[in-house]
Amino acid sequence: MKTPRQLKTAAVLLAVVLMLSSCAKKIEHKYTLFVFGTLVNITLYGPDKATGDRVIALISENFRQQHRDWHPWRKGKLFEINRAIAGGYPLPVDAEMKQILIEARNLQHLSRGLFNPAIGKIVGLWGFHQDEKPKGPPPDKKAIARIVKSHPSMDDLELKHGLVIPHNKNVQLDFGGFAKGSALDRAAALLEKHGIKNAILNAGGDLNVLGTHGNRPWRAGIRHPKHWGVIATVSLQPGEALYTSGNYYRYRENEGKRYSHIIDPRTGWPVDHIISASVIHKNGALADAAATALTVAGPKHWLETARNMGLNQVLLVDKDGGLHMTPKMQKRLAITDKKARIVEIGNPFAK
C-alpha cells in the first residue's frame, strides 16, 4: 500500500504528465492555403501559435504573389514575358523573375530537355492551360509539328542587362512543372529563417519537410496510381522533398482514349507509357521537374535521366502496375500494395 506521501508524489507526477500531454497536443498547428490550383496543408511542430500564425501569413502572401507573377495565362509578370516573346521584343525583368528563369533553364539542361518549361504553346493547344478538363479531339497534328520543329527552349531567351531577350516566337513559358516545388522550397526557407525547425508542407501530395514530427520522422504515402489509397509509405529525413508526377489525374479524353497532361517536348504529344514517377531529393523544384522528366523518359530510359539529374531515390509505376526503382529508394519504401510487382531495381550510378 502506498503512503500518503507516495500518493501525493504520484498525483503530482500524473498532473505533470497530463500537462505535458496537453502541451503536446497544442504544440502542433495546422494551416490550409490555396495556391497553383491546389490546397497546401502546412503542419508546424514546436512553435507557439502566435509565431506560427505570423510566419504562415507571410507564406500566404508570398504564395499569392507567386501565383500572380508565375501564371502564364493571366495578367502578371510571366504573362507579360510571354507577350514580349510573341512580339519579339525585349522586356525588363526583376531579380526574382530572373532567378526563376535561370532555375527553369537549369532544370531543362539537367533533364536533357525532357522537362521543358518553354513548350507552353503546345500545352495550350492541348487545352491543359485551363482549369477545366479539356474536351474534344486532339489538336491539329500539323500545328503541333510546326512548334516542335522550331525546338522551343529556355536557351531561346537571353538574359542580359536586366532584360529578357527572346529569339524564338514559338516559345511560351509555363512553369507548372516546377512552380509548386519552387514555391514550397521558398516557404520552407522562410520557416527556417523564422526559427521554425519542424514542419511539413503538403501541396496535393507533394511534400517538403523540416526536422521531425516530435520524436519520429515525418511519414508520407505515395499515392496508388490505379485506385484510391497508397502504393507505398516512406519516412522522410529532415530537409527532404517527395514529389510525384502522374498521368492519372489530369487528362483529356476523346472517344474512349485518354491523353495525359504530361507532354513529351520532343513530339508534342502526351506520354502513355507510364503512370507515375516519384522522386526524393533535398530540392523540391528539382524533384518536381525530375518527376515529369522521368515520366517522359519512361521505363526504357529512366535510369539515364536519373543519372543526368543526379537522382538516386526514384520510383516509377508503369502502365501494367510494375515498379521500377533505385536501390536506395527500395531500402526506404514500405510497399503497402500486396499486388505490387517489382520489375526492376536499377542503379543509375552503377559502373
# chains A, B, ... in the order shown; residues from 1 in each chain; ligands from 1

$ residues_around --residues "region 299-306 of chain A" --least-positions-apart "3" --cutoff "12 Å" --atoms "only C-alpha atoms" --output "PyMOL selection string"
chain A and resi 107-115+271-281+286-287+289-296+309-327+343-350

$ residues_around --residues "Lys98 (chain A)" --least-positions-apart "4" --cutoff "9 Å" --atoms "only C-alpha atoms" --output "list in words"
Val93, Asp94, Ile102, Glu103, Leu159, Gly162, Leu163 and Val164 of chain A

$ write_last_selection --atoms "N, CA and C atoms" --output "PDB file, in the first residue's frame"
ATOM      1  N   VAL A  93      13.138  42.573 -66.546  1.00  0.00           N
ATOM      2  CA  VAL A  93      12.682  41.637 -65.525  1.00  0.00           C
ATOM      3  C   VAL A  93      13.400  41.946 -64.217  1.00  0.00           C
ATOM      4  N   ASP A  94      12.689  41.745 -63.109  1.00  0.00           N
ATOM      5  CA  ASP A  94      13.309  41.997 -61.812  1.00  0.00           C
ATOM      6  C   ASP A  94      14.180  40.811 -61.399  1.00  0.00           C
ATOM      7  N   ILE A 102      16.301  31.475 -64.625  1.00  0.00           N
ATOM      8  CA  ILE A 102      17.551  30.718 -64.595  1.00  0.00           C
ATOM      9  C   ILE A 102      17.309  29.322 -64.034  1.00  0.00           C
ATOM     10  N   GLU A 103      16.468  29.235 -63.002  1.00  0.00           N
ATOM     11  CA  GLU A 103      16.126  27.938 -62.423  1.00  0.00           C
ATOM     12  C   GLU A 103      15.460  27.047 -63.477  1.00  0.00           C
ATOM     13  N   LEU A 159      19.221  36.430 -71.191  1.00  0.00           N
ATOM     14  CA  LEU A 159      19.098  37.306 -70.022  1.00  0.00           C
ATOM     15  C   LEU A 159      20.326  38.213 -69.985  1.00  0.00           C
ATOM     16  N   GLY A 162      19.526  43.089 -67.361  1.00  0.00           N
ATOM     17  CA  GLY A 162      18.211  43.227 -66.738  1.00  0.00           C
ATOM     18  C   GLY A 162      17.050  42.997 -67.681  1.00  0.00           C
ATOM     19  N   LEU A 163      17.328  42.486 -68.876  1.00  0.00           N
ATOM     20  CA  LEU A 163      16.289  42.248 -69.876  1.00  0.00           C
ATOM     21  C   LEU A 163      16.187  40.758 -70.182  1.00  0.00           C
ATOM     22  N   VAL A 164      14.990  40.318 -70.577  1.00  0.00           N
ATOM     23  CA  VAL A 164      14.838  39.021 -71.209  1.00  0.00           C
ATOM     24  C   VAL A 164      14.653  39.293 -72.693  1.00  0.00           C
TER      25      VAL A 164
END

$ closest_residue --among "A:Glu240, A:Glu253, A:Asp206, A:Asp140" --to "Ile42 (chain A)" --atoms "only C-alpha atoms"
A:Asp206

$ select_by_dssp --residues "region 124-289 of chain A" --states "alpha helix (DSSP H)" --output "JSON, numbers by chain"
{"A": [124, 125, 126, 141, 142, 143, 144, 145, 146, 147, 148, 149, 179, 180, 181, 182, 183, 184, 185, 186, 187, 188, 189, 190, 191, 192, 193, 284, 285, 286, 287, 288, 289]}

$ write_last_selection --atoms "C-alpha atoms" --output "compact mmCIF listing (two decimals), in the first residue's frame"
# COMPACT_ATOMS: atom_id res chain seq x y z
CA GLY A 124 -2.21 25.48 -74.75
CA LEU A 125 -3.04 23.56 -77.92
CA TRP A 126 -3.90 20.51 -75.82
CA LYS A 141 -1.08 17.43 -85.85
CA LYS A 142 0.41 19.98 -88.21
CA ALA A 143 0.05 22.77 -85.63
CA ILE A 144 1.89 20.65 -83.07
CA ALA A 145 4.57 19.68 -85.58
CA ARG A 146 5.25 23.32 -86.53
CA ILE A 147 6.00 24.24 -82.93
CA VAL A 148 8.06 21.11 -82.24
CA LYS A 149 10.11 21.72 -85.41
CA ALA A 179 6.49 26.13 -59.71
CA LYS A 180 4.94 24.17 -56.86
CA GLY A 181 8.32 22.77 -55.83
CA SER A 182 10.00 26.15 -56.10
CA ALA A 183 7.25 27.81 -54.04
CA LEU A 184 7.47 25.16 -51.30
CA ASP A 185 11.27 25.46 -51.24
CA ARG A 186 10.92 29.17 -50.62
CA ALA A 187 8.24 28.62 -47.97
CA ALA A 188 10.43 26.07 -46.15
CA ALA A 189 13.35 28.51 -46.22
CA LEU A 190 11.12 31.21 -44.73
CA LEU A 191 10.04 28.88 -41.91
CA GLU A 192 13.68 28.16 -41.11
CA LYS A 193 14.56 31.83 -41.23
CA GLY A 284 11.70 20.47 -54.17
CA ALA A 285 11.86 22.25 -57.53
CA LEU A 286 14.34 19.69 -58.83
CA ALA A 287 12.24 16.78 -57.52
CA ASP A 288 9.13 18.33 -59.10
CA ALA A 289 10.74 18.78 -62.51

$ atom_distance --atom1 "CA of Ala232 (chain A)" --atom2 "CA of Lys328 (chain A)"
14.4 Å

$ select_by_dssp --residues "region 60-177 of chain A" --states "strand (DSSP E or B)" --output "MDAnalysis selection string"
chainID A and resid 91:92 119 135 157:160 163:166 172

$ residues_around --residues "Trp269 (chain A)" --least-positions-apart "4" --cutoff "9 Å" --atoms "only C-alpha atoms" --output "list in words"
Ile122, Trp126, Ile144, Tyr259, Ser260, Ile262, Ile263, Asp264 and Pro265 of chain A

$ write_last_selection --atoms "C-alpha atoms" --output "tab-separated table (two decimals), in the first residue's frame"
chain	number	residue	atom	x	y	z
A	122	ILE	CA	1.84	23.07	-77.05
A	126	TRP	CA	-3.90	20.51	-75.82
A	144	ILE	CA	1.89	20.65	-83.07
A	259	TYR	CA	-4.35	11.85	-73.32
A	260	SER	CA	-2.16	12.68	-70.33
A	262	ILE	CA	2.37	15.25	-69.38
A	263	ILE	CA	3.72	16.09	-72.83
A	264	ASP	CA	6.91	14.83	-74.42
A	265	PRO	CA	8.65	18.01	-75.66

$ closest_residue --among "A:Ala241, A:Val123, A:Ala340, A:Ala334" --to "Asn208 (chain A)" --atoms "only C-alpha atoms"
A:Ala241

$ closest_residue --among "A:Asn168, A:Asn41, A:Gln65, A:Thr32" --to "Gly204 (chain A)" --atoms "only C-alpha atoms"
A:Asn41

$ closest_residue --among "A:Gly214, A:Gly88, A:Gly195, A:Gly298" --to "Tyr45 (chain A)" --atoms "only C-alpha atoms"
A:Gly214

$ closest_residue --among "A:Ile222, A:Val171, A:Leu333, A:Leu201" --to "Tyr31 (chain A)" --atoms "only C-alpha atoms"
A:Leu201

$ decode --residues "region 133-144 of chain A" --atoms "N, CA and C atoms" --output "compact mmCIF listing (two decimals), in the first residue's frame"
# COMPACT_ATOMS: atom_id res chain seq x y z
N LYS A 133 -11.29 20.43 -67.32
CA LYS A 133 -10.73 19.35 -68.12
C LYS A 133 -11.06 19.59 -69.59
N PRO A 134 -10.06 19.60 -70.48
CA PRO A 134 -10.33 19.84 -71.90
C PRO A 134 -11.11 18.69 -72.52
N LYS A 135 -11.88 19.02 -73.54
CA LYS A 135 -12.71 18.03 -74.20
C LYS A 135 -12.48 18.09 -75.71
N GLY A 136 -12.97 17.07 -76.39
CA GLY A 136 -12.88 17.06 -77.84
C GLY A 136 -11.66 16.32 -78.35
N PRO A 137 -11.51 16.28 -79.67
CA PRO A 137 -10.40 15.54 -80.29
C PRO A 137 -9.06 16.22 -80.03
N PRO A 138 -7.97 15.52 -80.27
CA PRO A 138 -6.63 16.12 -80.09
C PRO A 138 -6.45 17.31 -81.02
N PRO A 139 -5.52 18.18 -80.72
CA PRO A 139 -5.27 19.33 -81.60
C PRO A 139 -4.70 18.89 -82.95
N ASP A 140 -4.66 19.83 -83.86
CA ASP A 140 -4.18 19.56 -85.21
C ASP A 140 -2.72 19.11 -85.20
N LYS A 141 -2.44 17.99 -85.85
CA LYS A 141 -1.08 17.43 -85.85
C LYS A 141 -0.07 18.39 -86.48
N LYS A 142 -0.51 19.07 -87.53
CA LYS A 142 0.41 19.98 -88.21
C LYS A 142 0.77 21.17 -87.31
N ALA A 143 -0.21 21.65 -86.53
CA ALA A 143 0.05 22.77 -85.63
C ALA A 143 1.08 22.37 -84.56
N ILE A 144 0.93 21.16 -84.04
CA ILE A 144 1.89 20.65 -83.07
C ILE A 144 3.27 20.51 -83.71
